[in-house]
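What follows is the content of run_15.txt (compact mmCIF, C-alpha atoms).
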```txt
# COMPACT_ATOMS: atom_id res chain seq x y z
CA MET C 8 -6.23 -21.98 9.58
CA ARG C 9 -9.22 -20.28 11.16
CA GLU C 10 -12.49 -22.12 11.38
CA ARG C 11 -14.84 -21.04 8.59
CA PRO C 12 -18.02 -19.48 10.03
CA ALA C 13 -21.03 -21.70 9.56
CA LEU C 14 -23.37 -18.83 8.83
CA ILE C 15 -21.93 -16.04 6.73
CA ASP C 16 -23.53 -12.71 5.96
CA ARG C 17 -25.19 -13.63 2.68
CA ALA C 18 -26.10 -10.05 1.80
CA LEU C 19 -22.51 -8.91 2.28
CA ALA C 20 -21.24 -11.92 0.33
CA GLY C 21 -23.56 -10.98 -2.53
CA GLU C 22 -22.24 -7.42 -2.58
CA LEU C 23 -18.65 -8.62 -2.46
CA ALA C 24 -19.34 -10.98 -5.35
CA GLY C 25 -20.68 -8.04 -7.35
CA ILE C 26 -17.41 -6.11 -7.15
CA HIS C 27 -15.19 -9.19 -7.16
CA PRO C 28 -13.48 -8.51 -10.54
CA ALA C 29 -12.47 -4.99 -9.47
CA SER C 30 -11.32 -6.31 -6.08
CA PHE C 31 -9.16 -8.92 -7.76
CA ALA C 32 -7.59 -6.30 -10.03
CA TRP C 33 -6.81 -4.16 -6.97
CA ALA C 34 -5.36 -7.17 -5.12
CA LEU C 35 -3.12 -7.80 -8.12
CA THR C 36 -1.82 -4.23 -7.92
CA CYS C 37 -1.21 -4.55 -4.18
CA CYS C 38 0.71 -7.78 -4.75
CA GLY C 39 2.91 -6.58 -7.62
CA PHE C 40 0.83 -8.58 -10.13
CA ASP C 41 1.62 -11.87 -8.43
CA ARG C 42 -1.57 -13.81 -9.18
CA GLN C 43 -1.26 -16.46 -6.48
CA GLU C 44 -0.48 -13.91 -3.82
CA ALA C 45 -3.39 -11.74 -4.99
CA GLU C 46 -5.76 -14.70 -4.66
CA ASP C 47 -4.53 -15.41 -1.13
CA VAL C 48 -4.81 -11.75 -0.14
CA LEU C 49 -8.30 -11.44 -1.54
CA GLN C 50 -9.46 -14.66 0.09
CA THR C 51 -8.08 -13.55 3.45
CA ALA C 52 -9.71 -10.14 3.07
CA TYR C 53 -13.09 -11.67 2.20
CA LEU C 54 -12.92 -14.03 5.16
CA LYS C 55 -11.98 -11.16 7.48
CA MET C 56 -15.11 -9.33 6.39
CA LEU C 57 -17.46 -12.26 6.36
CA ASP C 58 -16.53 -13.57 9.79
CA GLY C 59 -16.56 -10.12 11.35
CA ARG C 60 -12.85 -9.54 11.96
CA ALA C 61 -13.14 -6.45 9.74
CA ARG C 62 -16.31 -4.44 10.26
CA PHE C 63 -17.89 -2.02 7.81
CA ASP C 64 -18.76 1.17 9.69
CA GLY C 65 -20.63 2.83 6.84
CA ARG C 66 -18.41 5.93 6.78
CA SER C 67 -17.39 5.19 3.19
CA SER C 68 -18.68 3.10 0.33
CA LEU C 69 -18.41 -0.68 0.59
CA LYS C 70 -15.91 -0.67 -2.27
CA THR C 71 -13.66 1.87 -0.54
CA TRP C 72 -13.74 -0.16 2.67
CA LEU C 73 -13.08 -3.43 0.81
CA PHE C 74 -10.12 -1.92 -1.05
CA ALA C 75 -8.67 -0.63 2.22
CA VAL C 76 -8.96 -4.09 3.79
CA VAL C 77 -7.37 -5.71 0.74
CA ARG C 78 -4.49 -3.24 0.83
CA ARG C 79 -3.90 -3.75 4.55
CA THR C 80 -4.02 -7.52 4.12
CA ALA C 81 -1.48 -7.34 1.30
CA VAL C 82 0.86 -5.19 3.41
CA ASP C 83 0.56 -7.65 6.32
CA LEU C 84 1.20 -10.62 4.06
CA ARG C 85 4.21 -8.95 2.50
CA ARG C 86 5.64 -8.22 5.96
CA ARG C 87 5.08 -11.79 7.11
CA ARG C 88 6.57 -13.14 3.92
CA TRP C 89 9.67 -11.01 4.34
CA VAL C 90 10.20 -12.33 7.85
CA ALA C 91 9.35 -15.91 6.96
CA SER C 92 11.21 -16.35 3.75
CA LEU C 93 14.43 -14.40 4.45
CA GLY C 94 15.07 -14.50 0.75
CA LEU C 95 14.75 -18.28 0.35
CA GLU C 96 11.46 -17.99 -1.47
CA ARG C 97 12.98 -15.74 -4.11
CA LEU C 98 15.69 -18.33 -4.57
CA PHE C 99 13.05 -21.01 -5.14
CA ALA C 100 11.06 -18.73 -7.45
CA ALA C 101 14.15 -18.17 -9.58
CA PHE C 102 14.11 -21.85 -10.50
CA ALA C 103 10.35 -22.01 -11.13
CA PRO C 104 9.38 -22.27 -14.79
CA ALA C 105 7.70 -19.15 -16.18
CA SER C 106 4.24 -19.55 -17.66
CA SER C 107 3.84 -18.32 -21.21
CA ASP C 108 0.36 -19.16 -22.39
CA GLU C 109 -0.54 -15.72 -23.72
CA PRO C 110 -0.07 -14.03 -27.06
CA ALA C 111 3.44 -12.63 -27.22
CA MET C 112 2.50 -9.09 -28.26
CA GLU C 113 -0.04 -8.59 -25.49
CA SER C 114 2.31 -10.15 -23.00
CA ASP C 115 5.16 -7.86 -24.12
CA GLU C 116 3.11 -4.68 -23.73
CA ARG C 117 1.72 -5.81 -20.39
CA ALA C 118 5.16 -6.80 -19.15
CA ARG C 119 6.59 -3.43 -20.22
CA VAL C 120 3.90 -1.49 -18.35
CA ARG C 121 4.16 -3.72 -15.29
CA ALA C 122 7.93 -3.26 -15.25
CA ALA C 123 7.44 0.51 -15.45
CA LEU C 124 4.90 0.39 -12.62
CA ALA C 125 7.27 -1.72 -10.56
CA ARG C 126 9.82 1.10 -10.69
CA LEU C 127 7.35 3.49 -9.05
CA SER C 128 7.02 3.64 -5.28
CA ARG C 129 4.27 1.49 -3.80
CA ARG C 130 2.10 4.48 -2.94
CA GLN C 131 2.55 6.05 -6.37
CA ARG C 132 1.52 2.78 -7.98
CA GLU C 133 -1.47 2.46 -5.69
CA VAL C 134 -2.81 5.95 -6.18
CA LEU C 135 -2.48 5.77 -9.97
CA ASP C 136 -4.24 2.42 -10.06
CA LEU C 137 -7.06 3.64 -7.82
CA VAL C 138 -7.61 6.85 -9.76
CA PHE C 139 -7.02 5.75 -13.34
CA TYR C 140 -8.12 2.13 -13.31
CA HIS C 141 -10.75 2.03 -10.57
CA ASP C 142 -12.04 5.60 -11.05
CA PHE C 143 -11.73 6.67 -7.44
CA THR C 144 -11.11 10.30 -6.59
CA VAL C 145 -7.79 11.23 -5.01
CA GLU C 146 -9.66 11.80 -1.73
CA GLU C 147 -11.10 8.29 -1.81
CA ALA C 148 -7.71 6.90 -2.77
CA ALA C 149 -6.20 8.67 0.24
CA ARG C 150 -8.75 6.98 2.52
CA ILE C 151 -7.99 3.57 1.05
CA MET C 152 -4.24 4.12 1.33
CA ASN C 153 -4.57 5.50 4.86
CA VAL C 154 -2.68 8.70 4.05
CA SER C 155 -3.66 12.36 4.09
CA VAL C 156 -5.25 13.84 0.98
CA GLY C 157 -2.23 16.12 0.56
CA ALA C 158 0.15 13.17 0.62
CA ALA C 159 -2.02 11.28 -1.85
CA ARG C 160 -1.95 14.28 -4.22
CA VAL C 161 1.85 14.37 -4.06
CA HIS C 162 2.07 10.63 -4.81
CA TYR C 163 -0.43 11.10 -7.63
CA GLN C 164 1.46 13.93 -9.33
CA ARG C 165 4.90 12.40 -8.90
CA GLY C 166 3.65 8.98 -9.91
CA LYS C 167 2.11 10.31 -13.12
CA ALA C 168 5.26 12.18 -14.06
CA ARG C 169 7.47 9.22 -13.30
CA LEU C 170 5.30 6.72 -15.17
CA ARG C 171 5.27 9.02 -18.17
CA GLY C 172 9.06 9.07 -18.07
CA GLU C 173 9.30 5.31 -17.65
CA LEU C 174 6.99 4.64 -20.62
CA ARG C 175 8.75 7.08 -22.94
CA MET J 26 0.13 17.46 -17.11
CA ASN J 27 -2.78 17.47 -19.56
CA GLY J 28 -5.65 15.23 -20.59
CA ALA J 29 -3.54 13.39 -23.16
CA ASP J 30 -1.09 12.37 -20.45
CA ASP J 31 -3.95 11.19 -18.28
CA ASP J 32 -5.27 9.09 -21.14
CA ARG J 33 -1.85 7.60 -21.62
CA VAL J 34 -1.62 6.65 -17.94
CA ARG J 35 -5.12 5.22 -18.11
CA ARG J 36 -4.25 3.12 -21.16
CA ALA J 37 -1.06 1.92 -19.52
CA LEU J 38 -2.91 0.74 -16.43
CA GLU J 39 -5.51 -1.00 -18.58
CA ALA J 40 -2.69 -2.77 -20.37
CA ALA J 41 -1.17 -3.81 -17.05
CA HIS J 42 -4.44 -5.45 -16.03
CA ARG J 43 -5.31 -6.90 -19.43
CA GLY J 44 -5.93 -10.63 -19.59
CA GLU J 45 -6.19 -11.18 -15.84
CA THR J 46 -9.46 -13.00 -15.24
CA PRO J 47 -10.41 -13.30 -11.58
CA PRO J 48 -11.07 -16.73 -10.11
CA PRO J 49 -14.79 -17.37 -9.41
CA PHE J 50 -15.90 -15.75 -6.16
CA GLY J 51 -17.20 -18.98 -4.60
CA THR J 52 -14.13 -20.96 -5.60
CA LEU J 53 -11.86 -18.35 -4.06
CA LEU J 54 -13.71 -18.46 -0.77
CA GLU J 55 -13.70 -22.22 -0.57
CA ARG J 56 -10.17 -22.99 -1.70
CA ARG J 57 -7.34 -23.75 0.65
CA PRO J 58 -4.80 -20.95 0.93
CA ARG J 59 -1.81 -22.06 -1.09
CA ARG J 60 0.59 -19.32 -0.29
CA ARG J 61 0.76 -20.01 3.39
CA ALA J 62 2.15 -23.47 2.71
CA ARG J 63 4.65 -21.92 0.33
CA LEU J 64 5.62 -19.43 2.99
CA LEU J 65 6.16 -22.15 5.51
CA ALA J 66 8.22 -24.31 3.19
CA PRO J 67 11.44 -22.25 3.42
CA LEU J 68 10.98 -21.92 7.17
CA ALA J 69 10.47 -25.65 7.56
CA PHE J 70 13.50 -26.29 5.39
CA ALA J 71 15.69 -23.94 7.44
CA GLY J 72 14.36 -25.42 10.69
CA ALA J 73 15.04 -28.96 9.54
CA LEU J 74 18.55 -27.96 8.51
CA VAL J 75 19.30 -26.39 11.89
CA ALA J 76 17.80 -29.35 13.75
CA THR J 77 19.84 -31.76 11.67
CA LEU J 78 23.03 -29.87 12.37
CA LEU J 79 22.29 -29.62 16.10
CA LEU J 80 21.15 -33.20 16.57
CA TRP J 81 23.68 -34.83 14.23
CA PRO J 82 25.06 -37.86 16.13
CA HIS J 83 28.57 -36.71 16.79
CA ALA J 84 30.82 -39.69 17.71
CA PRO J 85 33.17 -38.79 20.57
CA PRO J 86 36.73 -38.41 19.35
CA PRO J 87 38.92 -41.47 20.01
CA PRO J 88 41.11 -41.17 23.14
CA PRO J 89 44.75 -40.39 22.49
CA PRO J 90 47.09 -43.40 22.54
CA PRO J 91 48.95 -43.94 25.85
CA LEU J 92 52.35 -42.38 25.87
CA GLU J 93 55.35 -44.69 25.85
CA LEU J 94 57.89 -43.65 28.44
CA SER J 95 60.66 -44.18 25.96
CA SER J 96 59.04 -41.74 23.55
CA LEU J 97 59.45 -38.99 26.13
CA ARG J 98 63.23 -39.46 26.21
CA LEU J 99 64.73 -36.94 23.88
CA PRO J 100 68.17 -37.59 22.46
CA SER J 101 70.26 -34.57 23.24
CA ARG J 102 73.92 -33.84 23.37
CA GLY J 103 75.12 -30.80 25.16
CA PRO J 104 78.32 -28.98 24.20
CA LEU J 105 80.01 -29.79 27.56
CA ASP J 106 78.93 -33.42 27.79
CA PHE J 107 82.51 -34.51 27.03
CA LEU J 108 83.53 -33.29 30.52
CA LEU J 109 81.47 -36.08 32.02
CA GLN J 110 83.30 -38.77 30.04
CA MET J 111 85.92 -40.45 32.15
CA PRO J 112 89.13 -41.76 30.59
CA GLY J 113 89.32 -45.53 30.35
CA GLU J 114 85.56 -45.88 30.59
CA ALA J 115 85.56 -48.94 28.36
CA MET J 116 87.98 -50.74 30.63
CA LEU J 117 85.94 -49.93 33.71
CA ALA J 118 82.71 -51.06 32.18
CA GLU J 119 83.67 -54.74 32.07
CA THR J 120 85.28 -57.27 34.34
CA PRO J 121 89.03 -57.69 33.68
CA ARG J 122 89.91 -60.99 32.01
CA PHE J 123 93.17 -62.77 32.13
CA ASP J 124 94.31 -65.24 29.56
CA ALA J 125 95.79 -68.57 30.44
CA LYS J 126 99.31 -67.14 30.61
CA GLY J 127 98.38 -64.51 33.13
CA ASP J 128 98.92 -61.60 30.76
CA TRP J 129 96.54 -58.69 30.26
CA PRO J 130 94.60 -59.08 27.08
```

Target encoding structure tokens, full file:
Amino acid sequence: MRERPALIDRALAGELAGIHPASFAWALTCCGFDRQEAEDVLQTAYLKMLDGRARFDGRSSLKTWLFAVVRRTAVDLRRRRWVASLGLERLFAAFAPASSDEPAMESDERARVRAALARLSRRQREVLDLVFYHDFTVEEAARIMNVSVGAARVHYQRGKARLRGELR
Amino acid sequence: MNGADDDRVRRALEAAHRGETPPPFGTLLERRPRRRARLLAPLAFAGALVATLLLWPHAPPPPPPPLELSSLRLPSRGPLDFLLQMPGEAMLAETPRFDAKGDWP
């Protein structure tokens, strides 16, 4: 593990703390609603920013930049996990007990929507989450997702149509 | 696609995120990353398995027992072996004996 910097940018840390709930929700989306993975991704992203491995250039809002770093970190983690686990982790997860400490009705509805979202492509899921849950514009979503605005619009339209079909 | 559809998508995404409370910011920064250990576990397991298989103390196989010369002799009887049998072979194989009266036995 990398050495934690002794002196962190306190102003930046304060700003990150201010948008922490939204960042966590976005990390959850990037990690397929895997809470543990989302926590790891978000922690890694924060540390990247605070120790200067990811630098804010001021060309977008802090939130847009943070979301882009979180997304890139999640993609990297997923790639590393694929190489490292070679399917063994899924085997272990299959035997892990499922947690069920939530009201059944809420859990059912949430599970249904998450299952529907899981059937969308990753980019469709991302653009819908950014636009409808985090209130970004499609242009901002495109910047976060590192795709052209045209491509983001296509993912947005197709994702909406497909989610509507999945939830029918 | 109209506004009603957009509202439906918005409600669906809110439902997907409902009930997920983020861990405290400070706690998240200070905690040890858990996933990395979980990622390494299958790798470590596979590595240990391979190392065990490679380094397993294989005993050398026991040497084959020495061959007895007699075991190499194969009993065989050819179809023309009778040509090699001489008449009166039994008589020639032993020393002639004479009884007390001087007659052939």

Residue contacts of Trp72 of chain C (12 Å, only C-alpha atoms) excluding same-chain residues fewer than 4 positions away, as a PyMOL selection string:
chain C and resi 23+30+52-53+56+61-68+76-79+147-153

Considering only C-alpha atoms, extract the chain J residues located within 7 Å of chain C and return them as a PyMOL selection string.
chain J and resi 35+37-42+47+50+53-54+58+60+64+67-68

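For the pair atom CA of Arg129 of chain C and atom CA of Tyr163 of chain C, the interatomic distance is 11.4 Å.
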
Between atom CA of Met111 of chain J and atom CA of Lys126 of chain J, what is the spacing in Å?
29.9 Å

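What separates atom CA of Cys37 of chain C from atom CA of Pro48 of chain J is a distance of 16.8 Å.
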
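Nearest residue to Thr80 of chain C, choosing from C:Arg169, C:Gly59, C:Cys38, C:Glu22 and counting all atoms listed in the file: C:Cys38.
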
Closest to Phe74 of chain C among C:Arg130, C:Arg60, C:Phe143, C:Asp115, using all atoms listed in the file?
C:Phe143
